[in-house]
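The next block is data-v9.cif, given as mmCIF, C-alpha atoms.
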data_coords
loop_
_atom_site.label_atom_id
_atom_site.label_comp_id
_atom_site.auth_asym_id
_atom_site.auth_seq_id
_atom_site.Cartn_x
_atom_site.Cartn_y
_atom_site.Cartn_z
CA MET R 1 -45.37 -28.79 -86.59
CA ILE R 2 -43.52 -31.82 -87.98
CA LYS R 3 -41.02 -31.24 -90.76
CA GLY R 4 -38.91 -33.41 -93.02
CA LEU R 5 -36.28 -31.19 -94.63
CA ASN R 6 -34.40 -32.18 -97.80
CA ILE R 7 -34.94 -35.90 -97.21
CA SER R 8 -33.21 -37.98 -99.88
CA LYS R 9 -32.50 -41.66 -100.48
CA LYS R 10 -30.67 -43.29 -103.37
CA TYR R 11 -31.00 -46.89 -104.50
CA LYS R 12 -29.47 -48.63 -107.48
CA LYS R 13 -32.50 -48.06 -109.70
CA PHE R 14 -34.38 -45.30 -107.86
CA GLU R 15 -33.64 -42.01 -106.16
CA LEU R 16 -35.81 -39.95 -103.84
CA GLN R 17 -34.53 -36.48 -104.58
CA PRO R 18 -34.27 -33.90 -101.75
CA THR R 19 -37.82 -33.60 -100.47
CA SER R 20 -39.30 -31.34 -97.80
CA ILE R 21 -42.74 -31.72 -96.24
CA GLU R 22 -44.62 -30.24 -93.29
CA ILE R 23 -47.42 -31.74 -91.22
CA ASP R 24 -49.34 -29.55 -88.81
CA LYS R 25 -51.14 -30.77 -85.71
CA GLY R 26 -54.52 -32.26 -86.59
CA GLU R 27 -53.80 -32.02 -90.32
CA ILE R 28 -54.28 -34.77 -92.89
CA VAL R 29 -51.50 -34.70 -95.48
CA ALA R 30 -51.74 -37.02 -98.48
CA LEU R 31 -48.93 -38.24 -100.70
CA ILE R 32 -50.15 -38.91 -104.23
CA GLY R 33 -48.22 -40.70 -106.92
CA GLU R 34 -48.11 -43.81 -109.03
CA ASN R 35 -46.64 -47.02 -107.65
CA GLY R 36 -42.89 -46.57 -107.53
CA ALA R 37 -43.05 -42.77 -107.42
CA GLY R 38 -41.32 -42.58 -104.02
CA LYS R 39 -44.21 -42.35 -101.56
CA SER R 40 -43.22 -45.38 -99.47
CA THR R 41 -39.55 -44.40 -99.47
CA LEU R 42 -40.36 -40.95 -98.11
CA ILE R 43 -42.71 -42.39 -95.47
CA LYS R 44 -40.12 -44.93 -94.30
CA CYS R 45 -37.44 -42.24 -94.07
CA MET R 46 -39.78 -40.02 -92.06
CA CYS R 47 -40.60 -42.86 -89.64
CA GLY R 48 -37.04 -44.14 -89.28
CA VAL R 49 -37.84 -47.50 -90.88
CA ILE R 50 -34.94 -46.81 -93.25
CA ASP R 51 -32.16 -44.24 -92.92
CA ALA R 52 -32.22 -41.30 -95.28
CA ASP R 53 -28.97 -40.44 -97.05
CA GLU R 54 -29.44 -36.73 -96.35
CA GLY R 55 -31.88 -34.40 -94.63
CA GLN R 56 -33.18 -33.76 -91.15
CA LEU R 57 -36.34 -34.04 -89.08
CA GLU R 58 -37.81 -31.30 -86.91
CA VAL R 59 -40.62 -31.22 -84.36
CA ASP R 60 -41.73 -27.75 -83.30
CA ASP R 61 -38.53 -26.30 -84.79
CA GLN R 62 -36.30 -28.65 -82.77
CA VAL R 63 -34.04 -31.02 -84.72
CA VAL R 64 -34.60 -34.67 -83.77
CA LYS R 65 -32.80 -37.83 -84.84
CA LYS R 66 -36.04 -39.82 -85.01
CA LEU R 67 -39.64 -38.69 -84.75
CA ASP R 68 -40.44 -41.35 -82.18
CA ASP R 69 -37.84 -39.85 -79.85
CA VAL R 70 -40.36 -37.10 -79.07
CA LEU R 71 -43.64 -38.30 -80.60
CA VAL R 72 -45.88 -41.34 -80.31
CA LEU R 73 -46.04 -42.77 -83.82
CA GLY R 74 -48.71 -44.98 -85.30
CA PHE R 75 -47.51 -46.75 -88.45
CA MET R 76 -49.21 -49.06 -90.94
CA ASN R 77 -47.79 -50.35 -94.19
CA GLN R 78 -49.22 -52.52 -96.95
CA ASP R 79 -47.84 -55.85 -95.76
CA GLN R 80 -50.33 -57.29 -93.30
CA ASN R 81 -49.73 -60.96 -94.17
CA VAL R 82 -46.51 -61.41 -92.21
CA TYR R 83 -48.46 -62.35 -89.06
CA ASN R 84 -50.82 -64.84 -90.70
CA GLU R 85 -50.20 -67.74 -88.29
CA ILE R 86 -50.60 -65.62 -85.17
CA LYS R 87 -53.82 -65.25 -83.23
CA ILE R 88 -55.05 -61.70 -82.95
CA ARG R 89 -55.17 -61.91 -79.15
CA ASP R 90 -51.50 -62.94 -78.98
CA LEU R 91 -50.34 -60.18 -81.31
CA THR R 92 -52.39 -57.60 -79.41
CA ASN R 93 -50.88 -58.71 -76.09
CA PHE R 94 -47.40 -58.46 -77.59
CA VAL R 95 -47.99 -54.88 -78.76
CA LYS R 96 -49.55 -54.04 -75.40
CA ASP R 97 -46.46 -55.34 -73.55
CA VAL R 98 -44.12 -53.38 -75.81
CA MET R 99 -46.08 -50.12 -75.54
CA LYS R 100 -46.82 -50.55 -71.81
CA LYS R 101 -48.69 -47.48 -70.49
CA LYS R 102 -48.87 -45.94 -73.96
CA PHE R 103 -51.33 -48.63 -75.05
CA ASP R 104 -54.93 -47.77 -74.14
CA GLN R 105 -56.87 -51.01 -74.01
CA GLU R 106 -60.23 -49.25 -73.80
CA VAL R 107 -59.50 -47.37 -77.03
CA TYR R 108 -58.37 -50.60 -78.67
CA TYR R 109 -61.54 -52.48 -77.73
CA TYR R 110 -63.70 -49.53 -78.73
CA TYR R 111 -62.44 -49.70 -82.32
CA PHE R 112 -61.89 -53.47 -82.40
CA LYS R 113 -65.28 -54.49 -81.02
CA GLU R 114 -67.69 -51.58 -81.25
CA VAL R 115 -66.59 -49.79 -84.40
CA PHE R 116 -65.17 -52.60 -86.54
CA GLN R 117 -66.92 -55.58 -84.87
CA LEU R 118 -63.94 -57.94 -85.15
CA ASP R 119 -63.27 -61.26 -83.39
CA ASP R 120 -60.09 -62.84 -82.01
CA ASP R 121 -59.44 -65.13 -84.96
CA LYS R 122 -56.16 -66.09 -86.56
CA MET R 123 -54.83 -63.38 -88.84
CA LYS R 124 -55.07 -65.63 -91.89
CA GLU R 125 -58.82 -65.96 -91.34
CA LEU R 126 -59.35 -62.23 -91.79
CA SER R 127 -60.12 -60.54 -95.08
CA THR R 128 -57.90 -57.73 -96.32
CA GLY R 129 -60.39 -55.18 -95.04
CA MET R 130 -60.57 -56.80 -91.61
CA LYS R 131 -56.77 -56.79 -91.33
CA VAL R 132 -56.66 -53.09 -92.08
CA LYS R 133 -59.32 -52.48 -89.42
CA TYR R 134 -57.44 -54.59 -86.88
CA PHE R 135 -54.09 -52.89 -87.40
CA LEU R 136 -55.76 -49.50 -87.35
CA SER R 137 -57.32 -50.43 -83.99
CA LEU R 138 -53.85 -51.32 -82.70
CA GLU R 139 -52.29 -48.07 -83.87
CA LEU R 140 -55.11 -45.88 -82.56
CA ALA R 141 -54.79 -47.56 -79.15
CA LYS R 142 -51.37 -45.88 -78.89
CA SER R 143 -53.07 -42.44 -79.04
CA PRO R 144 -50.47 -41.39 -81.62
CA ASP R 145 -49.33 -37.83 -82.17
CA LEU R 146 -48.67 -38.78 -85.79
CA LEU R 147 -50.47 -41.57 -87.64
CA VAL R 148 -48.58 -42.69 -90.75
CA LEU R 149 -50.33 -44.94 -93.25
CA ASP R 150 -48.76 -46.34 -96.42
CA GLU R 151 -51.52 -47.14 -98.94
CA PRO R 152 -54.07 -47.91 -96.19
CA THR R 153 -57.05 -48.27 -98.54
CA SER R 154 -55.36 -50.20 -101.34
CA GLY R 155 -57.31 -53.37 -102.17
CA LEU R 156 -60.31 -52.47 -100.03
CA ASP R 157 -63.87 -52.42 -101.29
CA PRO R 158 -65.57 -48.98 -101.38
CA ILE R 159 -67.62 -49.54 -98.21
CA VAL R 160 -64.61 -50.50 -96.08
CA ARG R 161 -62.57 -47.69 -97.62
CA ASP R 162 -65.19 -45.17 -96.56
CA GLU R 163 -65.22 -46.63 -93.03
CA VAL R 164 -61.45 -46.23 -92.74
CA LEU R 165 -61.50 -42.72 -94.19
CA ASP R 166 -64.25 -41.67 -91.76
CA ILE R 167 -62.14 -42.91 -88.84
CA LEU R 168 -59.09 -40.98 -90.04
CA ARG R 169 -61.14 -37.81 -90.45
CA CYS R 170 -62.59 -38.14 -86.94
CA VAL R 171 -59.24 -38.90 -85.32
CA ALA R 172 -57.62 -35.86 -86.92
CA LYS R 173 -60.49 -33.54 -86.00
CA GLU R 174 -61.44 -34.81 -82.53
CA LYS R 175 -58.07 -35.95 -81.17
CA ASN R 176 -55.91 -33.42 -83.03
CA THR R 177 -53.84 -36.28 -84.42
CA SER R 178 -51.64 -35.50 -87.42
CA VAL R 179 -52.10 -37.94 -90.30
CA LEU R 180 -49.72 -38.66 -93.16
CA PHE R 181 -50.95 -41.19 -95.68
CA SER R 182 -50.01 -42.25 -99.15
CA SER R 183 -52.36 -43.39 -101.87
CA HIS R 184 -52.77 -43.65 -105.61
CA ILE R 185 -56.55 -43.56 -105.14
CA THR R 186 -57.26 -39.89 -105.72
CA GLU R 187 -60.94 -40.31 -104.78
CA ASP R 188 -59.88 -41.06 -101.17
CA ILE R 189 -57.66 -38.00 -101.06
CA GLU R 190 -60.46 -35.84 -102.45
CA LYS R 191 -62.57 -36.89 -99.46
CA ILE R 192 -60.31 -36.25 -96.47
CA ALA R 193 -56.96 -34.59 -97.24
CA ASP R 194 -56.22 -31.05 -96.10
CA ARG R 195 -52.95 -30.81 -98.01
CA VAL R 196 -51.68 -32.78 -100.97
CA ILE R 197 -48.17 -33.65 -102.12
CA PHE R 198 -47.72 -34.95 -105.68
CA ILE R 199 -44.64 -37.17 -106.14
CA ASN R 200 -43.41 -38.31 -109.54
CA ASN R 201 -40.20 -40.24 -110.25
CA GLY R 202 -38.76 -39.46 -106.85
CA ARG R 203 -39.43 -35.74 -106.71
CA ILE R 204 -42.23 -33.46 -105.61
CA VAL R 205 -43.89 -31.79 -108.58
CA LEU R 206 -46.61 -29.98 -106.63
CA GLN R 207 -47.75 -29.53 -103.05
CA GLY R 208 -50.18 -27.29 -101.22
CA ASP R 209 -53.65 -26.90 -99.78
CA LYS R 210 -56.02 -29.28 -101.55
CA LYS R 211 -58.69 -26.67 -102.17
CA GLU R 212 -56.16 -24.16 -103.52
CA ILE R 213 -54.64 -26.75 -105.85
CA LYS R 214 -58.06 -27.63 -107.23
CA LYS R 215 -58.80 -23.96 -107.80
CA LYS R 216 -55.56 -23.50 -109.70
CA TYR R 217 -56.21 -26.05 -112.46
CA VAL R 218 -59.25 -26.33 -114.71
CA LYS R 219 -60.60 -28.55 -117.46
CA LEU R 220 -61.53 -27.43 -120.97
CA ASN R 221 -63.62 -29.02 -123.68
CA GLN R 222 -62.52 -29.14 -127.31
CA GLN R 223 -64.06 -25.78 -128.24
CA GLN R 224 -62.45 -24.03 -125.27
CA TYR R 225 -59.13 -25.63 -126.10
CA VAL R 226 -59.28 -24.21 -129.63
CA ILE R 227 -59.56 -20.71 -128.15
CA LEU R 228 -56.27 -21.23 -126.28
CA VAL R 229 -54.67 -22.73 -129.38
CA ASN R 230 -55.57 -19.60 -131.35
CA ALA R 231 -54.05 -17.53 -128.53
CA GLY R 232 -50.77 -19.45 -128.84
CA MET R 233 -51.20 -21.39 -125.58
CA ALA R 234 -51.55 -24.92 -126.90
CA LYS R 235 -48.31 -26.04 -125.23
CA GLU R 236 -49.69 -25.08 -121.82
CA CYS R 237 -52.59 -27.54 -122.14
CA VAL R 238 -52.42 -31.26 -121.43
CA SER R 239 -54.84 -33.69 -123.03
CA ILE R 240 -56.66 -35.98 -120.58
CA HIS R 241 -59.13 -38.37 -122.21
CA ASP R 242 -61.47 -36.16 -124.27
CA TYR R 243 -60.70 -32.87 -122.49
CA TYR R 244 -57.74 -30.68 -121.53
CA ILE R 245 -56.18 -29.43 -118.27
CA VAL R 246 -54.59 -26.01 -117.95
CA ASP R 247 -53.66 -23.42 -115.34
CA ARG R 248 -56.76 -21.38 -114.46
CA ASP R 249 -54.96 -18.04 -114.84
CA LEU R 250 -54.02 -18.83 -118.44
CA ALA R 251 -57.57 -19.83 -119.27
CA MET R 252 -58.95 -16.67 -117.70
CA THR R 253 -56.67 -14.44 -119.81
CA CYS R 254 -58.58 -15.77 -122.83
CA ASN R 255 -61.97 -15.28 -121.16
CA VAL R 256 -62.66 -19.03 -121.26
CA GLU R 257 -65.41 -20.31 -118.97
CA VAL R 258 -63.96 -23.28 -117.12
CA LYS R 259 -64.73 -26.18 -114.78
CA GLU R 260 -62.67 -27.25 -111.78
CA ALA R 261 -60.38 -30.22 -112.45
CA LEU R 262 -60.33 -33.41 -110.39
CA LEU R 263 -57.20 -34.34 -108.43
CA SER R 264 -56.72 -37.30 -110.78
CA ASP R 265 -56.71 -34.87 -113.72
CA ILE R 266 -54.19 -32.61 -112.00
CA LEU R 267 -51.95 -35.57 -111.18
CA SER R 268 -51.93 -36.61 -114.84
CA TYR R 269 -51.29 -32.99 -115.85
CA MET R 270 -48.31 -32.62 -113.47
CA ARG R 271 -46.85 -35.98 -114.50
CA LYS R 272 -47.02 -35.18 -118.21
CA ARG R 273 -45.68 -31.67 -117.70
CA SER R 274 -42.73 -32.97 -115.66
CA GLU R 275 -41.87 -35.47 -118.39
CA ASP R 276 -41.83 -32.87 -121.20
#
Could you express the structure from this file as structure tokens?
Amino acid sequence: MIKGLNISKKYKKFELQPTSIEIDKGEIVALIGENGAGKSTLIKCMCGVIDADEGQLEVDDQVVKKLDDVLVLGFMNQDQNVYNEIKIRDLTNFVKDVMKKKFDQEVYYYYFKEVFQLDDDKMKELSTGMKVKYFLSLELAKSPDLLVLDEPTSGLDPIVRDEVLDILRCVAKEKNTSVLFSSHITEDIEKIADRVIFINNGRIVLQGDKKEIKKKYVKLNQQQYVILVNAGMAKECVSIHDYYIVDRDLAMTCNVEVKEALLSDILSYMRKRSED
């Protein structure tokens, strides 16, 4: 079990308030939130890319200064253009030299050649999707205990996104790799996440098992909403497009037949409720 306990970071115009998360072995945990909500800040604090102001990290109930002191970390962020003038072969050899025995060349070539069918071109000659595939091949070659991905599917077309998501699902299930990834694309999280953490304006507004969260919130049509209004529960409902989101338990007290809400609906619900 990997834990980040009361992690906080304050900037001039933004503050990540004390935040605690847990990631179990082989579990896919997704951070959801709008751009600027604090997802990247939390991820960078967890990975030691930036120093948190407060908080601590634990692995199997042992306090550690950095996760990579005891774990093999795989890390990908959104900026894949920094290496544009480098040939893929040269960058791969550099990573291989740094990682030494922790870099499995057979695993790398399996993903690079067989799965993603890439060539040793210059980085600038690759599309956005190809760059994501390449860097994912590099990180998986480390056989990471924890794979951390900051907006890995942002800017990808649906076909490539599905390829990447399938790989993450397989790695978590077959290799028991823990995965922490951030996204504002709720459709991706619907597909593969085990647990979900909603972040809004630097604080967690909801977290838990994805299936349980989806069971907890429901959508109502206009007629169903009127029933709750007449029961004095209008303030508990949030308008989303042409329907309403509300806690399932409240809807059930009024004997309203309901439909399960989408994660995107729940995110909008939690954001609006936190701003009231």
Worksheet item: Neighbours of Ala52 (chain R) within 6 Å (only C-alpha atoms; same-chain residues fewer than 3 positions away dropped), as a list in words?
Response: Ser8, Lys9 and Cys45 of chain R
Discussion item. One number please: CA of Gln117 (chain R) to CA of Val160 (chain R), in Å, one decimal.
Written reply: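 Distance between the two atoms: 12.5 Å.
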Discussion item. Quick one: residues within 12 Å of Asp53 (chain R), all atoms listed in the file, excluding same-chain residues fewer than 5 positions away - as a list in words?
Written reply: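 Residues meeting the cut-off are Asn6, Ile7, Ser8, Lys9, Lys10, Tyr11, Glu15, Leu16, Gln17, Pro18, Thr19, Thr41, Leu42, Cys45, Met46 and Gly48 of chain R.
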Now that the selection is made, can you save its residues with C-alpha atoms as a PDB file, in the frame of the given file?
ATOM      1  CA  ASN R   6     -34.400 -32.180 -97.800  1.00  0.00           C
ATOM      2  CA  ILE R   7     -34.940 -35.900 -97.210  1.00  0.00           C
ATOM      3  CA  SER R   8     -33.210 -37.980 -99.880  1.00  0.00           C
ATOM      4  CA  LYS R   9     -32.500 -41.660-100.480  1.00  0.00           C
ATOM      5  CA  LYS R  10     -30.670 -43.290-103.370  1.00  0.00           C
ATOM      6  CA  TYR R  11     -31.000 -46.890-104.500  1.00  0.00           C
ATOM      7  CA  GLU R  15     -33.640 -42.010-106.160  1.00  0.00           C
ATOM      8  CA  LEU R  16     -35.810 -39.950-103.840  1.00  0.00           C
ATOM      9  CA  GLN R  17     -34.530 -36.480-104.580  1.00  0.00           C
ATOM     10  CA  PRO R  18     -34.270 -33.900-101.750  1.00  0.00           C
ATOM     11  CA  THR R  19     -37.820 -33.600-100.470  1.00  0.00           C
ATOM     12  CA  THR R  41     -39.550 -44.400 -99.470  1.00  0.00           C
ATOM     13  CA  LEU R  42     -40.360 -40.950 -98.110  1.00  0.00           C
ATOM     14  CA  CYS R  45     -37.440 -42.240 -94.070  1.00  0.00           C
ATOM     15  CA  MET R  46     -39.780 -40.020 -92.060  1.00  0.00           C
ATOM     16  CA  GLY R  48     -37.040 -44.140 -89.280  1.00  0.00           C
TER      17      GLY R  48
END
Worksheet entry | Proximity to Thr186 (chain R) - best of R:Glu212, R:Asp90, R:Glu27, R:Glu151, all atoms listed in the file |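 For Thr186 (chain R), the nearest of the given residues is R:Glu151.
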Practice prompt. May I ask which of the residues R:Val226, R:Leu156, R:Met123, R:Leu149 is the closest one to Leu73 (chain R), counting only C-alpha atoms?
Written response: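 Closest candidate: R:Leu149.
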Worksheet item: What lies within 6 Å of Val59 (chain R) using only C-alpha atoms, ignoring chain neighbours under 3 positions off, as a PyMOL selection string?
Response: chain R and resi 1-2+62
I need the chosen residues saved as a tab-separated table (two decimals), in the coordinates of the input, with C-alpha atoms.
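New file out-v4.tsv:
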chain	number	residue	atom	x	y	z
R	1	MET	CA	-45.37	-28.79	-86.59
R	2	ILE	CA	-43.52	-31.82	-87.98
R	62	GLN	CA	-36.30	-28.65	-82.77
